[in-house]
Structure formats: structure tokens, C-alpha cells
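**Student:** I have a structure I would like to understand better, so I am pasting it below and will then ask my questions one at a time.
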Amino acid sequence: MIAANTKWGRSAEALGLYRRMEREKVKPNDVTLLNVLAACACARDLETAERVVEHVKSNEIGFSTVLSAALMDVYCKCGQVLLARKIFDEMPERNLVCWNIMIKGHVEDSNYMEALNLFRKMQFRGIKADKVTMASLVLACAHLGALELGKWLHAYIKREGIETDVVLGTALVDMYAKCGSVNNAVNMFDEMPRRDVMTWTALIGGLATCGHGEKALQMFEEMRANGMKPDSVTFVGVLTACSHAGLVEEGRAHFDSMSALYGIQPTVEHYGCMMDLFGRAGDLEKAAELVRTMPVSPDYFVLGGLLGACRIHGNVAIAESTSRRLLELHPDHGGTYVLLSNIYSSMGKWDEAEGVRELMEERNVRKPPGCSMVEIDGEVHEFFVGDETHPRSPEIYAMVRDMIGRSREARGDVADRSEVPLCIPEEEK
DNA sequence: TTAGGGTTAG
């Protein structure tokens with residue numbers, strides 16, 4: 001009963017059954033506890049997992065490889081990666097599943113380098129990776145923006161004859177799109193023999209954020225023509241495509257079709273996209289009105305996005321009311337202060353800008369420095385804003401200068417590329 | 001009866 005409930009996504013019922021066993025003093029065996037841990041992993045229930053650990057210890061059941069793996073997975077999913085890693089490091093025997101759980105755990109913890117490190121160790125020990133290992137590693141590359149590494153993983157998958165099923169295929173589509181390689185994402189998508197909603201959604205969202213809004217909407221039409229039903233996440237991609245491509249009316253129509261045609265109720269994410277749609281298009285009043293009237297309360301993303309739009313379009317009034325709300329919600333978030341102060345200073349309101357900086361000082365709020373990662377020759381380098389200590393800094397700044405120059409040229413902002421500063425000016429650090 | 005992988009707004 002516990003296994004079946006877990007399998008069908010009813011982890012609360014599964015955990016309820018385990019509590020009932022405890023009450024009725026029915027002794028679980030190792031298989032019961034394994035299933036309970038699987039339910040804990042689904043429900044992110046650390047407390048019950050700790051009760052299972054106590055039970056294993058006090059009843060001389062012992063931690064088999066499988067039971068330890070299940071526990072590691074609970075720890076990873078509950079954000080306790082170090083606890084999982086301790087079990088992993090102390091295990092007398094590790095099979096492929098253990099490695100896969102730990103690699104995914106590090107990826108979820110944003111520790112992509114450690115995930116890739118484990119993959120290296122795995123190869124060193126002669127353990128063959130499978131499609132599950134690869135999906136996690138490809139995801140790590142997607143987060144890092146490590147295109148060359150991602151391409152290498154793709155080649156490795158082909159060379160080792162690892163099956164590219166719909167999950168791994170979707171991960172590759174997503175990785176290529178997140179690394180900005182639209183052609184590779186589309187090619188991967190075309191190559192796949194089977195695609196599901198997530199595959200289509202990954203491509204649509206990827207095209208949208210890479211600046212191919214029209215193509216994303218075209219794929220959305222193709223998706224529907226293929227009889228594939230979009231879900232709530234698909235619409236986030238569709239609305240992103242509209243806002244990035246400046247297609248206000250299309251965006252509005254798609255937003256309305258969500259509930260009318262598909263019975264999908266818009267969530268805060270979708271309202272965020274709509275706010276962005278109006279904000280990017282320069283209609284700050286409409287963006288602000290949407291934030292005022294939306295049926296779900298706007299979160300940090302929505303309000304922060306509105307404040308960002310105010311900076312782009314230089315709207316002080318809406319910026320002030322929005323940052324008031326943001327500062328009430330998150331008084332120790334440095335980004336809000338910096339953004340508001342930059343809005344003031346960009347309009348020559350130096351006293352107000354200084355006032356915000358002083359408030360920040362008073363409240364002892366710090367803004368963590370912005371950080372970028374750049375991949376050169378398959379190696380990922382991390383740079384902080386104004387960082388000149390990295391040995392490859394001059395090269396990176398030259399690249400950034402060139403990129404900014406090109407985008408300004410494309411927008412017609414600056415004709416002469418030499419006007420773009422080589423280093424980030426002191427005051428922006 | 002038995003552990004692992006993919007899509008989400010500024």
C-alpha cells in the first residue's frame with residue numbers, strides 16, 4: 001500500500017499509512033522502510049525520515065546499499081546535501097544509483113563543479129555512467145552555460161551508446177538553449193523520435209529567452225497542430241516569447257486562451273510575464289495596474305521586474321511606490337536599494353539617490369556583487385563585477401566590450417564601439 | 001513490496 005501510494009504520487013497517504021503502522025505497533029521490515037523513505041523523498045519529509053533512521057538503528061535492520069541510497073536521496077531533496085555526502089563517502093559499496101543520487105544532489109545544490117568532479121571520480125573508478133547520470137550532468141552544463149562541456153557530454157552519450165530517451169533528449173534541448181545555441185537545440189529537438197509536453201516546453205521557452213520570440217510562437221502552433229496539449233509551464237514560455245518580442249496583443253490573447261481554451265488558471269508566474277509584457281513595451285501604467293489588480297499577490301519577482309522596467313523607462317513615481325512595497329516585504333534585500341538609487345541618479349536626482357544609499361548603510365544592508373560565468377576552451381571561469389584579479393580579466397573585458405558594442409550598434413545607440421568603456425567604471429562596481 | 005534523470009516570469 002505504501003509503495004503503490006508513493007508510485008502514484010500520493011506520498012501524504014503513504015506517510016499516513018506508515019504512521020498508522022507505528023500506532024498499531026506493526027513492525028516494518030527493510031522493504032517497508034525503503035518505501036517509506038521513497039515517500040519521504042517525494043514529500044520532502046525530513047522528520048519522518050529521521051524516525052526511519054532511528055528505527056533502522058534500534059531494530060538491527062542495518063543500512064543496506066539500497067536503504068542508504070534512499071536515505072541519501074531524502075537528504076538531497078531536503079537540502080541536506082552534506083548529510084547525504086557523508087553517507088556517500090562512508091559507504092562500503094556504491095552502485096551506479098548511489099553515484100547518480102549524489103551527482104543530482106550536488107546539481108540541485110547549485111554545486112555544479114562538485115557534480116562534474118564526481119563524474120570524473122566515477123570514470124576513474126571504472127563505473128559506467130548511464131542516461132540518468134547524463135541527464136544530471138547535462139543539467140549542470142545548462143546552469144553553468146558551459147556549451148563546450150555540454151557538447152562534449154552529448155558526444156560522450158553517442159560514443160558510449162547511452163540511450164537518449166525523452167528525458168535525456170529534453171535535457172539536451174534545454175542545455176543547448178540555455179547555452180544560447182539555438183541551432184543545436186532545434187537540431188536535437190528534430191532528432192528526437194518521441195517528444196512530450198516538457199520537450200516542446202523546453203524548446204519554446206529556450207527560443208523565447210534566446211530572442212527568437214516569433215519562432216517560439218511558431219513552435220507553439222506546431223505543438224498544437226501535433227495534438228500536444230500545452231500545460232501551465234508551456235504558457236510561461238509562450239508569454240515570455242511575446243514579452244521579449246514586443247508582441248503585446250498576441251500575449252494578451254494567449255493569456256486569455258489559457259483558462260478559456262485549456263482550463264489552466266494563471267498563476268503568479270503568468271501575471272509576472274504579463275507585467276513584463278507591458279513593462280518592456282513601455283506601458284508602465286498598465287504594468288503597475290496589473291500588479292495592483294492581479295488576483296494572486298505579487299511576489300518579489302513581479303515587483304522586482306516592475307522596478308526594473310521603471311529603471312529602463314525612467315518612471316520615478318511608479319519606481320517609488322513599487323520599491324516601498326518591496327522594502328516592506330524584503331527590507332534586507334540589497335538589490336531594491338541599488339535599483340532605486342540608480343533610477344534616481346540616472347535622472348540626476350542625486351540627493352534622493354544618496355538618501356537611499358544612506359538608508360542602506362543605516363540598515364546595514366549589503367548588495368552581493370554581480371557575477372558572471374564565461375566558458376573558454378571548455379573551462380568555466382567566474383568573474384565578479386569589477387574583478388581585475390582573474391588572470392584572464394583583460395580578455396574577458398575585451399569580449400564584454402565587443403558584445404555591448406554589438407548590441408548597442410544593433411539598437412542604434414552607439415555608432416562608435418570605442419565609446420564603450422574597457423573596464424566597469426568605479427562607481428558601478 | 002525495493003533507491004536515481006528533463007520544462008517555469010524581472
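FYI, nothing fancy with the C-alpha cells labels: chains A, B, ... in order, residues from 1 per chain, ligands from 1 as they appear.
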Please tabulate, as a Markdown table, the residues of chain A that come within 6 Å of chain B, each with its closest pair of atoms and the distance in Å to one decimal, counting only C-alpha atoms (C1' of nucleotides) and ordering rows by chain, then residue number upward.
**Tutor:**
```
| residue | atom | partner | partner_atom | distance |
| --- | --- | --- | --- | --- |
| A:Val31 | CA | B:DT2 | C1' | 5.9 |
| A:Val66 | CA | B:DA3 | C1' | 5.4 |
| A:Ala69 | CA | B:DA3 | C1' | 5.4 |
| A:Ala70 | CA | B:DA3 | C1' | 4.5 |
| A:Val97 | CA | B:DG4 | C1' | 5.2 |
| A:Asn100 | CA | B:DG4 | C1' | 5.5 |
| A:Ile101 | CA | B:DG4 | C1' | 5.3 |
| A:Val132 | CA | B:DG5 | C1' | 4.2 |
| A:Ala135 | CA | B:DG5 | C1' | 5.1 |
| A:Val167 | CA | B:DG6 | C1' | 4.5 |
| A:Thr170 | CA | B:DG6 | C1' | 5.2 |
| A:Ala171 | CA | B:DG6 | C1' | 4.8 |
| A:Met198 | CA | B:DT7 | C1' | 4.4 |
| A:Thr201 | CA | B:DT7 | C1' | 5.2 |
| A:Ala202 | CA | B:DT7 | C1' | 4.7 |
| A:Val233 | CA | B:DT8 | C1' | 5.2 |
| A:Glu269 | CA | B:DA9 | C1' | 5.0 |
| A:Gly272 | CA | B:DA9 | C1' | 5.1 |
| A:Cys273 | CA | B:DA9 | C1' | 4.9 |
| A:Phe301 | CA | B:DG10 | C1' | 5.7 |
| A:Gly304 | CA | B:DG10 | C1' | 5.7 |
| A:Gly305 | CA | B:DG10 | C1' | 3.3 |
```
**Student:** Please, could you write that set of residues out with all heavy atoms as a compact mmCIF listing (two decimals), in the first residue's frame?
**Tutor:**
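Okay, this is what ended up in part19.txt:
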```txt
# COMPACT_ATOMS: atom_id res chain seq x y z
N VAL A 31 12.15 -3.55 3.60
CA VAL A 31 11.46 -3.13 2.38
C VAL A 31 10.42 -2.05 2.69
O VAL A 31 10.28 -1.06 1.97
CB VAL A 31 10.82 -4.33 1.65
CG1 VAL A 31 10.13 -3.89 0.37
CG2 VAL A 31 11.85 -5.39 1.36
N VAL A 66 20.93 -0.17 -0.74
CA VAL A 66 19.67 0.39 -1.25
C VAL A 66 19.03 1.33 -0.23
O VAL A 66 18.58 2.43 -0.58
CB VAL A 66 18.69 -0.76 -1.61
CG1 VAL A 66 17.38 -0.19 -2.12
CG2 VAL A 66 19.31 -1.67 -2.65
N ALA A 69 20.99 4.51 -0.03
CA ALA A 69 20.75 5.34 -1.22
C ALA A 69 19.43 6.09 -1.07
O ALA A 69 19.36 7.30 -1.35
CB ALA A 69 20.72 4.45 -2.46
N ALA A 70 18.40 5.40 -0.61
CA ALA A 70 17.10 6.04 -0.43
C ALA A 70 17.20 7.18 0.58
O ALA A 70 16.62 8.25 0.38
CB ALA A 70 16.07 5.00 0.02
N VAL A 97 23.38 3.78 -8.92
CA VAL A 97 22.29 4.61 -8.40
C VAL A 97 22.80 5.56 -7.32
O VAL A 97 22.42 6.73 -7.28
CB VAL A 97 21.13 3.74 -7.87
CG1 VAL A 97 20.03 4.59 -7.26
CG2 VAL A 97 20.56 2.88 -8.99
N ASN A 100 24.50 8.39 -8.97
CA ASN A 100 23.52 9.25 -9.63
C ASN A 100 22.78 10.15 -8.64
O ASN A 100 22.56 11.34 -8.91
CB ASN A 100 22.52 8.40 -10.40
CG ASN A 100 23.12 7.83 -11.67
OD1 ASN A 100 24.20 8.26 -12.08
ND2 ASN A 100 22.45 6.89 -12.28
N ILE A 101 22.42 9.59 -7.49
CA ILE A 101 21.73 10.39 -6.47
C ILE A 101 22.64 11.53 -6.00
O ILE A 101 22.22 12.68 -5.87
CB ILE A 101 21.31 9.51 -5.27
CG1 ILE A 101 20.22 8.53 -5.68
CG2 ILE A 101 20.85 10.36 -4.09
CD1 ILE A 101 19.93 7.46 -4.66
N VAL A 132 20.68 8.36 -16.76
CA VAL A 132 20.29 9.16 -15.57
C VAL A 132 21.45 10.07 -15.16
O VAL A 132 21.26 11.26 -14.91
CB VAL A 132 19.86 8.24 -14.41
CG1 VAL A 132 19.48 9.04 -13.19
CG2 VAL A 132 18.70 7.35 -14.85
N ALA A 135 21.71 12.91 -17.68
CA ALA A 135 20.68 13.95 -17.57
C ALA A 135 21.07 14.98 -16.50
O ALA A 135 20.93 16.19 -16.71
CB ALA A 135 19.33 13.31 -17.26
N VAL A 167 13.54 11.94 -21.74
CA VAL A 167 14.02 12.77 -20.63
C VAL A 167 15.41 13.34 -20.94
O VAL A 167 15.63 14.55 -20.85
CB VAL A 167 14.06 11.95 -19.31
CG1 VAL A 167 14.69 12.76 -18.20
CG2 VAL A 167 12.67 11.51 -18.92
N THR A 170 15.23 15.86 -23.78
CA THR A 170 14.71 17.15 -23.32
C THR A 170 15.78 17.93 -22.56
O THR A 170 15.93 19.14 -22.76
CB THR A 170 13.48 16.94 -22.41
OG1 THR A 170 12.53 16.18 -23.13
CG2 THR A 170 12.88 18.27 -21.99
N ALA A 171 16.55 17.22 -21.75
CA ALA A 171 17.63 17.87 -21.01
C ALA A 171 18.64 18.49 -21.99
O ALA A 171 19.14 19.60 -21.77
CB ALA A 171 18.32 16.87 -20.08
N MET A 198 7.02 18.40 -21.98
CA MET A 198 8.23 19.04 -21.45
C MET A 198 9.24 19.34 -22.56
O MET A 198 9.93 20.35 -22.52
CB MET A 198 8.87 18.13 -20.41
CG MET A 198 8.12 18.10 -19.11
SD MET A 198 9.14 17.27 -17.89
CE MET A 198 8.05 17.31 -16.49
N THR A 201 7.98 22.32 -24.39
CA THR A 201 8.08 23.47 -23.49
C THR A 201 9.53 23.95 -23.38
O THR A 201 9.79 25.16 -23.41
CB THR A 201 7.54 23.11 -22.10
OG1 THR A 201 6.19 22.69 -22.26
CG2 THR A 201 7.60 24.29 -21.16
N ALA A 202 10.47 23.00 -23.30
CA ALA A 202 11.89 23.38 -23.21
C ALA A 202 12.31 24.16 -24.46
O ALA A 202 12.99 25.18 -24.36
CB ALA A 202 12.75 22.13 -23.05
N VAL A 233 3.35 25.46 -17.60
CA VAL A 233 4.74 25.86 -17.84
C VAL A 233 4.93 26.31 -19.30
O VAL A 233 5.65 27.26 -19.58
CB VAL A 233 5.72 24.72 -17.48
CG1 VAL A 233 7.16 25.16 -17.66
CG2 VAL A 233 5.50 24.25 -16.05
N GLU A 269 3.38 33.41 -11.81
CA GLU A 269 4.36 33.43 -12.89
C GLU A 269 3.77 34.06 -14.16
O GLU A 269 4.42 34.86 -14.83
CB GLU A 269 4.83 32.02 -13.24
CG GLU A 269 5.78 31.39 -12.24
CD GLU A 269 5.07 30.59 -11.18
OE1 GLU A 269 3.83 30.76 -11.03
OE2 GLU A 269 5.73 29.81 -10.50
N GLY A 272 3.31 37.63 -13.78
CA GLY A 272 4.64 38.24 -13.89
C GLY A 272 5.02 38.47 -15.35
O GLY A 272 5.52 39.53 -15.71
N CYS A 273 4.73 37.48 -16.19
CA CYS A 273 5.03 37.61 -17.63
C CYS A 273 4.21 38.74 -18.24
O CYS A 273 4.72 39.49 -19.09
CB CYS A 273 4.69 36.31 -18.37
SG CYS A 273 5.80 34.96 -18.00
N PHE A 301 9.57 38.55 -7.53
CA PHE A 301 9.90 38.57 -8.96
C PHE A 301 9.07 39.62 -9.69
O PHE A 301 9.59 40.37 -10.51
CB PHE A 301 9.63 37.20 -9.59
CG PHE A 301 10.72 36.22 -9.37
CD1 PHE A 301 10.67 35.32 -8.33
CD2 PHE A 301 11.82 36.21 -10.21
CE1 PHE A 301 11.68 34.41 -8.13
CE2 PHE A 301 12.85 35.31 -10.02
CZ PHE A 301 12.78 34.41 -8.97
N GLY A 304 10.00 43.17 -8.42
CA GLY A 304 11.35 43.47 -8.87
C GLY A 304 11.38 43.74 -10.36
O GLY A 304 12.08 44.63 -10.83
N GLY A 305 10.59 42.96 -11.11
CA GLY A 305 10.51 43.16 -12.56
C GLY A 305 9.92 44.51 -12.89
O GLY A 305 10.40 45.21 -13.80
```
**Student:** Contacts of region 362-376 of chain A at 8 Å or less, counting only C-alpha atoms (C1' of nucleotides), minus same-chain residues fewer than 2 places along, as a PyMOL selection string?
**Tutor:** chain A and resi 144-148+332-335+338+358-360+378-385+429
**Student:** Between A:Thr234, A:Lys349, A:Met122, A:Glu361, which has the minimum distance to Tyr337 (chain A) (counting only C-alpha atoms)?
**Tutor:**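 Of A:Thr234, A:Lys349, A:Met122, A:Glu361, the one nearest Tyr337 (chain A) is A:Glu361, counting only C-alpha atoms.
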**Student:** Find the residues near region 11-15 of chain A: any atom within 8 Å, counting only C-alpha atoms (C1' of nucleotides), skip ones fewer than 5 places away on the same chain, and give them as a list in words.
**Tutor:**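 Near region 11-15 of chain A, the qualifying residues are Met1, Ile2, Ala3, Asn5, Thr6, Val36, Ala39, Cys40, Cys42 and Ala43 of chain A.
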**Student:** Given the choices A:Ala140, A:Val166, A:Ser232, A:Ala253, which gets closest to Pro193 (chain A) if the distance is worked out from only C-alpha atoms?
**Tutor:**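 Comparing A:Ala140, A:Val166, A:Ser232, A:Ala253 against Pro193 (chain A), the winner is A:Val166.
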**Student:** Extract, using only C-alpha atoms (C1' of nucleotides), all DNA, RNA and protein residues at most 9 Å from Pro298 (chain A), discarding same-chain residues fewer than 6 positions from it, and format them as a list in words.
**Tutor:** Val268, Tyr271, Gly272, Val291 and Arg292 of chain A
**Student:** Considering only C-alpha atoms (C1' of nucleotides), return as a PyMOL selection string whatever protein or nucleic-acid residues lie within 12 Å of Asp256 (chain A), sequence-local ones (same chain, fewer than 6 positions apart) excluded.
**Tutor:** chain A and resi 235+239+249-250+262-266+270-271+274
**Student:** For the selection you just gave me, I'd like the residues written to a file as a compact mmCIF listing (two decimals), in the first residue's frame, keeping N, CA and C atoms.
**Tutor:**
```
# COMPACT_ATOMS: atom_id res chain seq x y z
N PHE A 235 2.90 27.82 -21.10
CA PHE A 235 2.41 29.20 -21.26
C PHE A 235 3.39 30.23 -20.70
N LEU A 239 4.32 33.25 -23.11
CA LEU A 239 4.19 34.65 -22.69
C LEU A 239 5.56 35.34 -22.66
N GLU A 249 -0.30 42.38 -28.11
CA GLU A 249 -1.65 41.85 -28.36
C GLU A 249 -1.67 40.32 -28.40
N GLU A 250 -0.66 39.72 -29.04
CA GLU A 250 -0.56 38.26 -29.05
C GLU A 250 -0.48 37.72 -27.62
N TYR A 262 -7.92 26.01 -22.33
CA TYR A 262 -7.23 24.88 -21.73
C TYR A 262 -7.57 24.66 -20.25
N GLY A 263 -8.39 25.51 -19.70
CA GLY A 263 -8.76 25.34 -18.29
C GLY A 263 -7.58 25.48 -17.34
N ILE A 264 -6.55 26.25 -17.76
CA ILE A 264 -5.39 26.46 -16.90
C ILE A 264 -5.53 27.82 -16.21
N GLN A 265 -5.56 27.83 -14.89
CA GLN A 265 -5.68 29.09 -14.17
C GLN A 265 -4.31 29.77 -14.09
N PRO A 266 -4.24 31.04 -14.51
CA PRO A 266 -2.94 31.74 -14.45
C PRO A 266 -2.43 31.84 -13.02
N HIS A 270 2.53 33.67 -14.48
CA HIS A 270 1.90 34.19 -15.70
C HIS A 270 1.59 35.68 -15.58
N TYR A 271 1.14 36.09 -14.39
CA TYR A 271 0.91 37.52 -14.18
C TYR A 271 2.23 38.28 -14.27
N MET A 274 2.95 38.87 -17.84
CA MET A 274 2.08 39.91 -18.38
C MET A 274 2.57 41.29 -17.96
```
**Student:** If we count only C-alpha atoms (C1' of nucleotides), what is near Asp165 (chain A) at a cut-off of 9 Å, once residues fewer than 6 positions away on the same chain are taken out, given as a PDB file with N, CA, C and O atoms, in the first residue's frame?
**Tutor:**
```pdb
ATOM      1  N   LYS A 131      22.027   6.909 -18.686  1.00  0.00           N
ATOM      2  CA  LYS A 131      21.251   8.072 -19.115  1.00  0.00           C
ATOM      3  C   LYS A 131      20.817   8.965 -17.947  1.00  0.00           C
ATOM      4  O   LYS A 131      20.686  10.181 -18.108  1.00  0.00           O
ATOM      5  N   MET A 192      14.812  13.925 -32.166  1.00  0.00           N
ATOM      6  CA  MET A 192      14.155  13.036 -31.193  1.00  0.00           C
ATOM      7  C   MET A 192      12.983  12.279 -31.811  1.00  0.00           C
ATOM      8  O   MET A 192      12.127  12.880 -32.455  1.00  0.00           O
ATOM      9  N   PRO A 193      12.955  10.951 -31.593  1.00  0.00           N
ATOM     10  CA  PRO A 193      11.857  10.168 -32.159  1.00  0.00           C
ATOM     11  C   PRO A 193      10.550  10.392 -31.397  1.00  0.00           C
ATOM     12  O   PRO A 193       9.461  10.263 -31.965  1.00  0.00           O
ATOM     13  N   ARG A 194      10.655  10.713 -30.105  1.00  0.00           N
ATOM     14  CA  ARG A 194       9.463  10.926 -29.303  1.00  0.00           C
ATOM     15  C   ARG A 194       9.639  12.210 -28.484  1.00  0.00           C
ATOM     16  O   ARG A 194      10.725  12.468 -27.963  1.00  0.00           O
TER      17      ARG A 194
END
```
**Student:** Step one, run DSSP on the backbone; step two, keep only residues of region 278-311 of chain A assigned to alpha helix (DSSP H); then write them as a list of chain:residue names.
**Tutor:**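 For region 278-311 of chain A, the alpha helix (DSSP H) set is A:Phe278, A:Gly279, A:Arg280, A:Leu284, A:Glu285, A:Lys286, A:Ala287, A:Ala288, A:Glu289, A:Leu290, A:Val291, A:Arg292, A:Thr293, A:Tyr300, A:Phe301, A:Val302, A:Leu303, A:Gly304, A:Gly305, A:Leu306, A:Leu307, A:Gly308, A:Ala309, A:Cys310, A:Arg311.
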**Student:** In Å, rounded to a single decimal, give me how far CA of Asp174 (chain A) is from CA of Met223 (chain A).
**Tutor:**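 About the pair CA of Met223 (chain A) and CA of Asp174 (chain A): they are 16.6 Å apart.
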**Student:** Mind pulling up the distance from CA of Gly348 (chain A) to CA of Thr322 (chain A)?
**Tutor:**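 Between these atoms lies a distance of 19.9 Å.
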**Student:** Expressed in Å to a single decimal, how great is the separation between CA of Pro92 (chain A) and CA of Ser68 (chain A)?
**Tutor:** 10.8 Å
